[in-house]
Protein chains: 2
Amino acid sequence: MKPSAVLFTQNFPAPKKLGEELLLIYDEVLPKKSEEFKKWMKQIPLRYAVQAGEGLKSIDLFPDHISKITTLCEKASVSKLTIVVVGGGSVGDFGGFVASILKRGVRLIHLPSTWLAAIDSAHGGKTALNVGGAKNQIGTFYPATEVVLVKSLLLSQPPSRTFEGFGELLKIALIEGGILWAQLSREYEVNAEVLWKYLEAGIKAKYKVVKKDPEEKKGLRHVLNLGHTVGHVLESYYELPHGISINYGLEFALRWSVEKKIMAREDFDRLQRQPVMAYLLSASADQLWDVKANVLKEFRRLLLNDKKKTKSETLRFVFIKKAGQTVIKEVPVDDILVEICRQREEELNG
Amino acid sequence: MKPSAVLFTQNFPAPKKLGEELLLIYDEVLPKKSEEFKKWMKQIPLRYAVQAGEGLKSIDLFPDHISKITTLCEKASVSKLTIVVVGGGSVGDFGGFVASILKRGVRLIHLPSTWLAAIDSAHGGKTALNVGGAKNQIGTFYPATEVVLVKSLLLSQPPSRTFEGFGELLKIALIEGGILWAQLSREYEVNAEVLWKYLEAGIKAKYKVVKKDPEEKKGLRHVLNLGHTVGHVLESYYELPHGISINYGLEFALRWSVEKKIMAREDFDRLQRQPVMAYLLSASADQLWDVKANVLKEFRRLLLNDKKKTKSETLRFVFIKKAGQTVIKEVPVDDILVEICRQREEELNG
C-alpha cells in the first residue's frame with residue numbers, strides 16, 4: 001500500500017489537475033454553504049451528492065447508491081477515472097469504499113471538508129460501511145492517491161467544529177510527543193488558524209504510526225485508538241459528535257492512567273497546567289456519566305461491540321505515561337465500567 | 001499482492017490445517033451431492049450455505065448476506081478468522097468479495113468445486129458482484145492465501161462439466177503454447193482424469209500471466225480474455241453455461257484470426273487436425289449465431305457492456321497467431337458483428 005501524497009493549498013485546486021476523468025462524491029450541504037465550492041464543483045460534470053452521517057454508511061442503502069454511481073460512470077474510462085471525495089468522515093468512508101470496489105478499484109482523491117477528516121480519517125486508507133447498526137463491519141484498506149487540504153474549505157466550517165477537530169489533533173500530539181506536543185501544549189487559544197498551523201505536523205505523526213502497520217496486521221495502529229474506547233461508547237449512547245466524544249475519551253484515558261499509576265500524578269498535574277489541556281478538561285462531561293445500572297449495562301454492550309474485542313471480554317486499552325509514551329494493556333471490560341463509576345464519584349466529590 | 005499458494009490433494013484437508021477459526025461459505029448443493037463433503041463440513045461449526053449462480057452476485061441481495069455473515073462471525077476473532085469458500089465461479093466471486101471486505105479483510109482459502117473455478121476463477125484474486133444486471137461492476141483484487149484443489153471433490157462433478165472446464169484449459173494452453181499445448185493438443189480423450197492431469201500446468205500458465213499485471217493496471221492480463229469477448233455475449237444472450245460459451249468464443253477467435261490473416265491458414269488446418277481441437281470444433285454452434293438484425297443489435301449492446309470497452313466503441317480483441325502467440329488488436333465493435341455474420345454464412349455454405 002502506497003501512502004497518500006498530502007498537499008496543502010489555500011483554495012480549491014483546478015479540477016484538471018486532479019485527473020483526466022473525475023467523479024465528484026460530495027456532501028450535499030457544501031454547495032449551500034460555500035459559494036466557492038458551488039462554483040468549483042460545476043467544473044466537474046459527473047457529480048454525486050450524498051447526505052453525510054452514519055446513514056450514508058448503511059449497507060442497506062448501498063445497492064441503491066452504487067447502482068446510481070455505476071450508471072453515472074457508464075461512459076467513463078475505468079483506467080482514467082478518479083473519484084474525488086469532498087466531505088467529512090462518513091462521506092470519506094463511503095466514497096473511499098466506493099472507489100476501492102468500483103471496477104475493482106479506481107483512483108481516489110480526498111478533499112476533507114471537516115477538521116476531523118483533515119487531521120484523521122482521510123489519512124491511512126481505512127474505508128468502511130456499517131452492517132445492521134454495527135459500525136465499520138465491512139470496508140477496505142485503500143489509501144487515496146492524494147489527500148488535498150484546502151484551507152478555504154476547512155476554514156469555512158463553523159467555530160463549533162474547531163473544538164471537535166481539536167480532540168483528534170490533541171490525541172495525535174499526545175501519541176507523538178516531541179516538538180508537536182511541546183508547541184501545541186503551549187497554545188493559549190484553539191481556533192481554526194491554530195488547527196491549520198498544526199495540521200501538517202499532526203498528519204505526519206499519524207503517518208508515522210500507520211506506516212508501521214498499514215493493514216493493522218500487527219496491532220501497532222491500535223495506539224491511534226487513544227481516547228476512542230470510551231469515546232465511542234459516549235458517541236453512541238449520547239449521540240454526541242465524534243470529536244466531542246473523543247475529547248471526553250481522552251480525558252478518561254488520562255485520568256485512568258493516573259489512577260493506574262501509569263502516569264505519575266505530578267506529570268498529570270503539570271499536564272493540567274498546560275494552557276491547551278485547560279481547554280480540553282474544561283469540557284468535563286458533568287452532564288454525562290449517568291452511571292445507573294441499566295446505563296452501565298448498555299455501556300458494556302457498546303464496549304464489547306468494539307471490533308477490537310478479544311474473546312475473553314477484555315479490551316486493549318491505550319493508556320498514556322506521558323506525552324509521546326503510550327502503554328497498551330489488555331483490560332477486562334468490567335474494569336472500564338468500574339473506572340467510569342470511580343471517575344464520576346471523584347467528580348461529584350471533588 | 002502475494003500470489004496464492006496452490007495445493008493439490010486427493011481428499012478434503014483436515015479443517016484444522018486450514019486455519020484457527022473457520023467460516024465455511026459453500027454451495028448448498030454440495031452436501032446433497034457428496035457424502036464426503038457433508039461429513040467434512042460438519043467439522044466446521046460456522047457455515048453459510050449459498051445458492052450458486054449470478055443471483056448470488058447481485059448487489060441487491062448483498063446487505064442481507066453480509067448481515068447474516070456478520071452475525072455468524074460475531075464471536076470469532078478477526079485476526080484468526082479464515083473464510084473457506086467451497087464452490088464454483090459465482091460462489092468464489094461472492095465469497096472472495098466477502099473475505100476482502102469483512103472487517104477490512106480476513107484470511108481466504110478457496111476449494112473450487114468446478115473445473116472452471118479450479119482452472120481459472122479461483123486463481124488471480126478477482127472477486128466480483130453484479131450491479132443492476134451488469135456483471136462484475138464492483139469487486140476487489142484479493143488473492144486467496146491458499147487455493148486447495150481436492151481431486152475427489154472435482155471428480156464428483158457430472159461428466160457434462162468436463163466439457164465446460166475444458167474450454168478454460170484449452171484457452172490457457174493456447175496462450176501458453178510450449179509443452180502444455182504440445183502435450184494437451186495430442187490428447188484423444190477429454191475426461192476428468194485428463195483435466196486433473198493438466199490442472200497444475202494450466203494454473204501455472206495462468207499465474208505467469210497474472211503476475212505480470214496483478215491488478216490489471218497495464219492491460220497485460222487482458223490476454224486471458226481470449227475467447228471471452230464473444231463468449232460472454234453468447235453466455236448472456238443464450239443463457240449458456242460459461243464454459244460452453246468460452247468454447248464457442250475460442251472457436252470464433254481462431255476463425256477470425258485466420259480471416260484476418262493473423263493465423264496462417266495452414267497453421268489453422270494443422271490445428272484442426274489436433275485430436276483435441278476436433279473435440280472443441282465438433283461443438284460447432286449450429287443452433288446459435290442467429291444473425292437477424294434485432295439479435296445483432298442486442299449482441300452489440302452486450303459487447304459494449306463489456307467493461308474493457310474504450311470510449312470510441314472499440315474493443316480490445318485477443319487474436320491468436322499460433323499456440324503461444326496471441327495478438328491484441330483494438331477493433332470496432334461493428335467489425336465483430338460483421339465477422340459473426342461472415343462465420344455464419346461460411347458455416348451455412350460450407
# chains A, B, ... in the order shown; residues from 1 in each chain; ligands from 1
call {"tool": "interface_residues", "arguments": {"of": "chain B", "to": "chain A", "cutoff": "10 Å", "atoms": "only C-alpha atoms", "output": "PyMOL selection string"}}
result
chain B and resi 1+58-64+66-68+70-71+74-79+97-105+126-134+136-142+215-219+305+307-311
call {"tool": "residues_around", "arguments": {"residues": "Thr114 in chain B", "least_positions_apart": "5", "cutoff": "8 Å", "atoms": "only C-alpha atoms", "output": "CSV table (one decimal) with C-alpha atoms, in the first residue's frame"}}
result
chain,number,residue,atom,x,y,z
B,87,GLY,CA,-18.0,-23.8,-4.8
B,88,GLY,CA,-17.7,-22.8,-8.4
B,89,GLY,CA,-17.2,-19.4,-10.0
B,154,LEU,CA,-13.5,-32.1,-8.6
B,157,GLN,CA,-18.9,-33.4,-10.9
B,161,ARG,CA,-19.0,-30.3,-16.5
B,165,GLY,CA,-13.8,-26.9,-17.8
call {"tool": "residues_around", "arguments": {"residues": "Tyr188 in chain A", "least_positions_apart": "2", "cutoff": "8 Å", "atoms": "only C-alpha atoms", "output": "list in words"}}
result
Arg186, Val190, Pro275 and Val276 of chain A
call {"tool": "atom_distance", "arguments": {"atom1": "CA of Gln10 in chain B", "atom2": "CA of Leu81 in chain B"}}
result
25.2 Å
call {"tool": "select_by_dssp", "arguments": {"residues": "range 112-311 of chain B", "states": "strand (DSSP E)", "output": "MDAnalysis selection string"}}
result
chainID B and resid 112 129:131 134:138 146:150
call {"tool": "write_last_selection", "arguments": {"atoms": "N, CA and C atoms", "output": "PDB file, in the first residue's frame"}}
result
ATOM      1  N   PRO B 112     -12.081 -24.855  -4.898  1.00  0.00           N
ATOM      2  CA  PRO B 112     -13.009 -24.833  -6.025  1.00  0.00           C
ATOM      3  C   PRO B 112     -13.682 -26.193  -6.227  1.00  0.00           C
ATOM      4  N   LEU B 129     -19.093  -8.607  -7.720  1.00  0.00           N
ATOM      5  CA  LEU B 129     -20.552  -8.640  -7.632  1.00  0.00           C
ATOM      6  C   LEU B 129     -21.119  -7.914  -8.857  1.00  0.00           C
ATOM      7  N   ASN B 130     -22.396  -8.169  -9.119  1.00  0.00           N
ATOM      8  CA  ASN B 130     -23.077  -7.522 -10.245  1.00  0.00           C
ATOM      9  C   ASN B 130     -23.931  -6.359  -9.749  1.00  0.00           C
ATOM     10  N   VAL B 131     -24.049  -5.345 -10.566  1.00  0.00           N
ATOM     11  CA  VAL B 131     -24.872  -4.185 -10.212  1.00  0.00           C
ATOM     12  C   VAL B 131     -25.890  -3.964 -11.326  1.00  0.00           C
ATOM     13  N   ALA B 134     -25.633  -5.732 -14.672  1.00  0.00           N
ATOM     14  CA  ALA B 134     -24.330  -5.691 -15.359  1.00  0.00           C
ATOM     15  C   ALA B 134     -23.308  -6.462 -14.519  1.00  0.00           C
ATOM     16  N   LYS B 135     -22.609  -7.369 -15.172  1.00  0.00           N
ATOM     17  CA  LYS B 135     -21.721  -8.284 -14.455  1.00  0.00           C
ATOM     18  C   LYS B 135     -20.450  -7.599 -13.927  1.00  0.00           C
ATOM     19  N   ASN B 136     -20.025  -8.039 -12.758  1.00  0.00           N
ATOM     20  CA  ASN B 136     -18.712  -7.691 -12.212  1.00  0.00           C
ATOM     21  C   ASN B 136     -18.418  -6.188 -12.202  1.00  0.00           C
ATOM     22  N   GLN B 137     -19.436  -5.404 -11.885  1.00  0.00           N
ATOM     23  CA  GLN B 137     -19.253  -3.952 -11.838  1.00  0.00           C
ATOM     24  C   GLN B 137     -18.452  -3.524 -10.617  1.00  0.00           C
ATOM     25  N   ILE B 138     -18.573  -4.290  -9.537  1.00  0.00           N
ATOM     26  CA  ILE B 138     -17.779  -3.979  -8.346  1.00  0.00           C
ATOM     27  C   ILE B 138     -17.038  -5.236  -7.896  1.00  0.00           C
ATOM     28  N   GLU B 146      -4.509 -19.524   0.146  1.00  0.00           N
ATOM     29  CA  GLU B 146      -4.315 -20.839  -0.471  1.00  0.00           C
ATOM     30  C   GLU B 146      -5.474 -21.171  -1.406  1.00  0.00           C
ATOM     31  N   VAL B 147      -5.152 -21.852  -2.496  1.00  0.00           N
ATOM     32  CA  VAL B 147      -6.190 -22.499  -3.297  1.00  0.00           C
ATOM     33  C   VAL B 147      -5.907 -23.992  -3.206  1.00  0.00           C
ATOM     34  N   VAL B 148      -6.861 -24.722  -2.652  1.00  0.00           N
ATOM     35  CA  VAL B 148      -6.647 -26.149  -2.442  1.00  0.00           C
ATOM     36  C   VAL B 148      -7.482 -26.925  -3.459  1.00  0.00           C
ATOM     37  N   LEU B 149      -6.822 -27.724  -4.283  1.00  0.00           N
ATOM     38  CA  LEU B 149      -7.518 -28.489  -5.314  1.00  0.00           C
ATOM     39  C   LEU B 149      -7.693 -29.923  -4.835  1.00  0.00           C
ATOM     40  N   VAL B 150      -8.939 -30.269  -4.566  1.00  0.00           N
ATOM     41  CA  VAL B 150      -9.266 -31.560  -3.971  1.00  0.00           C
ATOM     42  C   VAL B 150      -9.783 -32.472  -5.081  1.00  0.00           C
TER      43      VAL B 150
END
call {"tool": "select_by_dssp", "arguments": {"residues": "range 90-302 of chain B", "states": "alpha helix (DSSP H)", "output": "PyMOL selection string"}}
result
chain B and resi 90-101+115-116+151-154+160-176+178-184+192-210+228-237+242-259+265-273+275-281+293-302
call {"tool": "atom_distance", "arguments": {"atom1": "CA of Trp181 in chain A", "atom2": "CA of Ala117 in chain A"}}
result
20.3 Å
call {"tool": "atom_distance", "arguments": {"atom1": "CA of Glu235 in chain A", "atom2": "CA of Lys292 in chain A"}}
result
17.8 Å
call {"tool": "residues_around", "arguments": {"residues": "Asp269 in chain B", "least_positions_apart": "3", "cutoff": "12 Å", "atoms": "only C-alpha atoms", "output": "list of chain:residue names"}}
result
B:Leu254, B:Arg255, B:Val258, B:Met263, B:Ala264, B:Arg265, B:Glu266, B:Gln272, B:Arg273, B:Gln274, B:Met277, B:Ala278, B:Lys322
call {"tool": "residues_around", "arguments": {"residues": "range 222-227 of chain B", "least_positions_apart": "4", "cutoff": "6 Å", "atoms": "only C-alpha atoms", "output": "list in words"}}
result
Gly231, Ile246, Gly249, Leu250, Ala253 and Val318 of chain B
call {"tool": "closest_residue", "arguments": {"among": "B:Lys16, B:Glu239, B:Tyr207, B:Pro3", "to": "Arg221 in chain B", "atoms": "only C-alpha atoms"}}
result
B:Tyr207
call {"tool": "residues_around", "arguments": {"residues": "Ser113 in chain A", "least_positions_apart": "5", "cutoff": "12 Å", "atoms": "only C-alpha atoms", "output": "PyMOL selection string"}}
result
chain A and resi 12+26-31+33-34+37+52+85-92+118-122+147-158+161+165
call {"tool": "residues_around", "arguments": {"residues": "Lys206 in chain B", "least_positions_apart": "2", "cutoff": "12 Å", "atoms": "only C-alpha atoms", "output": "PDB file with N, CA and C atoms, in the first residue's frame"}}
result
ATOM      1  N   PRO B   3       0.827 -13.841  -4.479  1.00  0.00           N
ATOM      2  CA  PRO B   3       0.033 -14.863  -5.175  1.00  0.00           C
ATOM      3  C   PRO B   3      -0.359 -15.986  -4.219  1.00  0.00           C
ATOM      4  N   SER B   4      -1.412 -16.701  -4.576  1.00  0.00           N
ATOM      5  CA  SER B   4      -1.900 -17.781  -3.715  1.00  0.00           C
ATOM      6  C   SER B   4      -0.951 -18.970  -3.751  1.00  0.00           C
ATOM      7  N   ALA B 118     -11.537 -24.313 -10.682  1.00  0.00           N
ATOM      8  CA  ALA B 118     -10.248 -24.938 -10.377  1.00  0.00           C
ATOM      9  C   ALA B 118      -9.155 -24.479 -11.340  1.00  0.00           C
ATOM     10  N   ILE B 119      -9.528 -24.335 -12.617  1.00  0.00           N
ATOM     11  CA  ILE B 119      -8.538 -23.942 -13.622  1.00  0.00           C
ATOM     12  C   ILE B 119      -8.369 -22.431 -13.661  1.00  0.00           C
ATOM     13  N   ASP B 120      -9.487 -21.725 -13.493  1.00  0.00           N
ATOM     14  CA  ASP B 120      -9.435 -20.295 -13.790  1.00  0.00           C
ATOM     15  C   ASP B 120      -9.824 -19.369 -12.631  1.00  0.00           C
ATOM     16  N   SER B 121     -11.104 -19.367 -12.276  1.00  0.00           N
ATOM     17  CA  SER B 121     -11.592 -18.245 -11.472  1.00  0.00           C
ATOM     18  C   SER B 121     -11.078 -18.200 -10.035  1.00  0.00           C
ATOM     19  N   ALA B 122     -10.676 -19.352  -9.481  1.00  0.00           N
ATOM     20  CA  ALA B 122     -10.184 -19.316  -8.091  1.00  0.00           C
ATOM     21  C   ALA B 122      -8.787 -18.697  -7.999  1.00  0.00           C
ATOM     22  N   HIS B 123      -8.149 -18.518  -9.145  1.00  0.00           N
ATOM     23  CA  HIS B 123      -6.778 -18.007  -9.170  1.00  0.00           C
ATOM     24  C   HIS B 123      -6.741 -16.564  -9.676  1.00  0.00           C
ATOM     25  N   GLY B 124      -5.831 -15.796  -9.168  1.00  0.00           N
ATOM     26  CA  GLY B 124      -5.637 -14.447  -9.700  1.00  0.00           C
ATOM     27  C   GLY B 124      -6.303 -13.355  -8.884  1.00  0.00           C
ATOM     28  N   GLY B 125      -7.096 -13.740  -7.886  1.00  0.00           N
ATOM     29  CA  GLY B 125      -7.557 -12.762  -6.907  1.00  0.00           C
ATOM     30  C   GLY B 125      -8.745 -11.907  -7.280  1.00  0.00           C
ATOM     31  N   GLU B 168     -11.649 -23.592 -20.665  1.00  0.00           N
ATOM     32  CA  GLU B 168     -10.681 -22.725 -19.976  1.00  0.00           C
ATOM     33  C   GLU B 168      -9.271 -23.333 -20.017  1.00  0.00           C
ATOM     34  N   LEU B 169      -9.207 -24.647 -19.943  1.00  0.00           N
ATOM     35  CA  LEU B 169      -7.893 -25.295 -20.012  1.00  0.00           C
ATOM     36  C   LEU B 169      -7.279 -25.083 -21.400  1.00  0.00           C
ATOM     37  N   LEU B 170      -8.115 -25.258 -22.415  1.00  0.00           N
ATOM     38  CA  LEU B 170      -7.669 -25.063 -23.786  1.00  0.00           C
ATOM     39  C   LEU B 170      -7.222 -23.619 -24.002  1.00  0.00           C
ATOM     40  N   LYS B 171      -7.983 -22.690 -23.451  1.00  0.00           N
ATOM     41  CA  LYS B 171      -7.644 -21.270 -23.576  1.00  0.00           C
ATOM     42  C   LYS B 171      -6.257 -20.997 -23.029  1.00  0.00           C
ATOM     43  N   ILE B 172      -6.009 -21.453 -21.818  1.00  0.00           N
ATOM     44  CA  ILE B 172      -4.728 -21.128 -21.195  1.00  0.00           C
ATOM     45  C   ILE B 172      -3.597 -21.876 -21.908  1.00  0.00           C
ATOM     46  N   ALA B 173      -3.902 -23.073 -22.428  1.00  0.00           N
ATOM     47  CA  ALA B 173      -2.880 -23.832 -23.170  1.00  0.00           C
ATOM     48  C   ALA B 173      -2.548 -23.126 -24.488  1.00  0.00           C
ATOM     49  N   LEU B 174      -3.555 -22.564 -25.145  1.00  0.00           N
ATOM     50  CA  LEU B 174      -3.311 -21.813 -26.387  1.00  0.00           C
ATOM     51  C   LEU B 174      -2.493 -20.551 -26.109  1.00  0.00           C
ATOM     52  N   ILE B 175      -2.763 -19.902 -24.986  1.00  0.00           N
ATOM     53  CA  ILE B 175      -1.998 -18.699 -24.619  1.00  0.00           C
ATOM     54  C   ILE B 175      -0.550 -19.066 -24.287  1.00  0.00           C
ATOM     55  N   GLU B 176      -0.400 -20.142 -23.517  1.00  0.00           N
ATOM     56  CA  GLU B 176       0.923 -20.554 -23.048  1.00  0.00           C
ATOM     57  C   GLU B 176       1.770 -21.189 -24.152  1.00  0.00           C
ATOM     58  N   GLY B 177       1.124 -21.999 -25.001  1.00  0.00           N
ATOM     59  CA  GLY B 177       1.900 -22.730 -26.023  1.00  0.00           C
ATOM     60  C   GLY B 177       2.825 -23.734 -25.355  1.00  0.00           C
ATOM     61  N   LEU B 180       2.891 -27.393 -22.549  1.00  0.00           N
ATOM     62  CA  LEU B 180       1.493 -27.581 -22.159  1.00  0.00           C
ATOM     63  C   LEU B 180       0.632 -27.827 -23.399  1.00  0.00           C
ATOM     64  N   LEU B 199      -4.139 -29.916 -14.756  1.00  0.00           N
ATOM     65  CA  LEU B 199      -4.568 -28.815 -13.889  1.00  0.00           C
ATOM     66  C   LEU B 199      -3.387 -27.964 -13.422  1.00  0.00           C
ATOM     67  N   GLU B 200      -2.361 -28.614 -12.905  1.00  0.00           N
ATOM     68  CA  GLU B 200      -1.223 -27.886 -12.341  1.00  0.00           C
ATOM     69  C   GLU B 200      -0.545 -27.017 -13.410  1.00  0.00           C
ATOM     70  N   ALA B 201      -0.311 -27.613 -14.586  1.00  0.00           N
ATOM     71  CA  ALA B 201       0.364 -26.862 -15.651  1.00  0.00           C
ATOM     72  C   ALA B 201      -0.510 -25.685 -16.126  1.00  0.00           C
ATOM     73  N   GLY B 202      -1.825 -25.903 -16.209  1.00  0.00           N
ATOM     74  CA  GLY B 202      -2.754 -24.845 -16.630  1.00  0.00           C
ATOM     75  C   GLY B 202      -2.741 -23.682 -15.646  1.00  0.00           C
ATOM     76  N   ILE B 203      -2.767 -24.030 -14.369  1.00  0.00           N
ATOM     77  CA  ILE B 203      -2.766 -22.999 -13.328  1.00  0.00           C
ATOM     78  C   ILE B 203      -1.451 -22.216 -13.358  1.00  0.00           C
ATOM     79  N   LYS B 204      -0.355 -22.936 -13.500  1.00  0.00           N
ATOM     80  CA  LYS B 204       0.963 -22.264 -13.565  1.00  0.00           C
ATOM     81  C   LYS B 204       0.996 -21.268 -14.710  1.00  0.00           C
ATOM     82  N   LYS B 208       1.561 -17.170 -14.541  1.00  0.00           N
ATOM     83  CA  LYS B 208       2.605 -16.481 -15.304  1.00  0.00           C
ATOM     84  C   LYS B 208       2.081 -15.176 -15.892  1.00  0.00           C
ATOM     85  N   VAL B 209       0.844 -15.223 -16.378  1.00  0.00           N
ATOM     86  CA  VAL B 209       0.227 -14.004 -16.926  1.00  0.00           C
ATOM     87  C   VAL B 209      -0.127 -13.034 -15.805  1.00  0.00           C
ATOM     88  N   VAL B 210      -0.796 -13.570 -14.760  1.00  0.00           N
ATOM     89  CA  VAL B 210      -1.305 -12.711 -13.686  1.00  0.00           C
ATOM     90  C   VAL B 210      -0.180 -11.929 -13.019  1.00  0.00           C
ATOM     91  N   LYS B 211       0.950 -12.593 -12.788  1.00  0.00           N
ATOM     92  CA  LYS B 211       1.995 -11.917 -12.007  1.00  0.00           C
ATOM     93  C   LYS B 211       2.653 -10.759 -12.768  1.00  0.00           C
ATOM     94  N   LYS B 212       2.465 -10.737 -14.081  1.00  0.00           N
ATOM     95  CA  LYS B 212       2.979  -9.589 -14.843  1.00  0.00           C
ATOM     96  C   LYS B 212       2.146  -8.335 -14.601  1.00  0.00           C
ATOM     97  N   ASP B 213       0.912  -8.515 -14.117  1.00  0.00           N
ATOM     98  CA  ASP B 213      -0.011  -7.386 -14.014  1.00  0.00           C
ATOM     99  C   ASP B 213      -1.138  -7.739 -13.029  1.00  0.00           C
ATOM    100  N   PRO B 214      -0.775  -7.916 -11.737  1.00  0.00           N
ATOM    101  CA  PRO B 214      -1.744  -8.465 -10.780  1.00  0.00           C
ATOM    102  C   PRO B 214      -3.060  -7.684 -10.711  1.00  0.00           C
ATOM    103  N   LEU B 220      -1.994  -6.177 -19.291  1.00  0.00           N
ATOM    104  CA  LEU B 220      -1.333  -7.424 -19.692  1.00  0.00           C
ATOM    105  C   LEU B 220      -2.163  -8.660 -19.378  1.00  0.00           C
ATOM    106  N   ARG B 221      -3.046  -8.533 -18.384  1.00  0.00           N
ATOM    107  CA  ARG B 221      -3.918  -9.668 -18.057  1.00  0.00           C
ATOM    108  C   ARG B 221      -4.978  -9.863 -19.131  1.00  0.00           C
ATOM    109  N   HIS B 222      -5.115  -8.854 -20.001  1.00  0.00           N
ATOM    110  CA  HIS B 222      -6.206  -8.892 -20.983  1.00  0.00           C
ATOM    111  C   HIS B 222      -6.126 -10.112 -21.891  1.00  0.00           C
ATOM    112  N   VAL B 223      -4.923 -10.634 -22.099  1.00  0.00           N
ATOM    113  CA  VAL B 223      -4.741 -11.809 -22.949  1.00  0.00           C
ATOM    114  C   VAL B 223      -5.589 -12.990 -22.451  1.00  0.00           C
ATOM    115  N   LEU B 224      -5.859 -13.012 -21.136  1.00  0.00           N
ATOM    116  CA  LEU B 224      -6.681 -14.090 -20.569  1.00  0.00           C
ATOM    117  C   LEU B 224      -8.123 -14.014 -21.062  1.00  0.00           C
ATOM    118  N   ASN B 225      -8.465 -12.921 -21.752  1.00  0.00           N
ATOM    119  CA  ASN B 225      -9.802 -12.778 -22.324  1.00  0.00           C
ATOM    120  C   ASN B 225      -9.966 -13.516 -23.653  1.00  0.00           C
TER     121      ASN B 225
END
call {"tool": "closest_residue", "arguments": {"among": "B:Ile320, B:Leu23, B:Thr314, B:Leu56", "to": "Lys42 in chain B", "atoms": "only C-alpha atoms"}}
result
B:Leu23
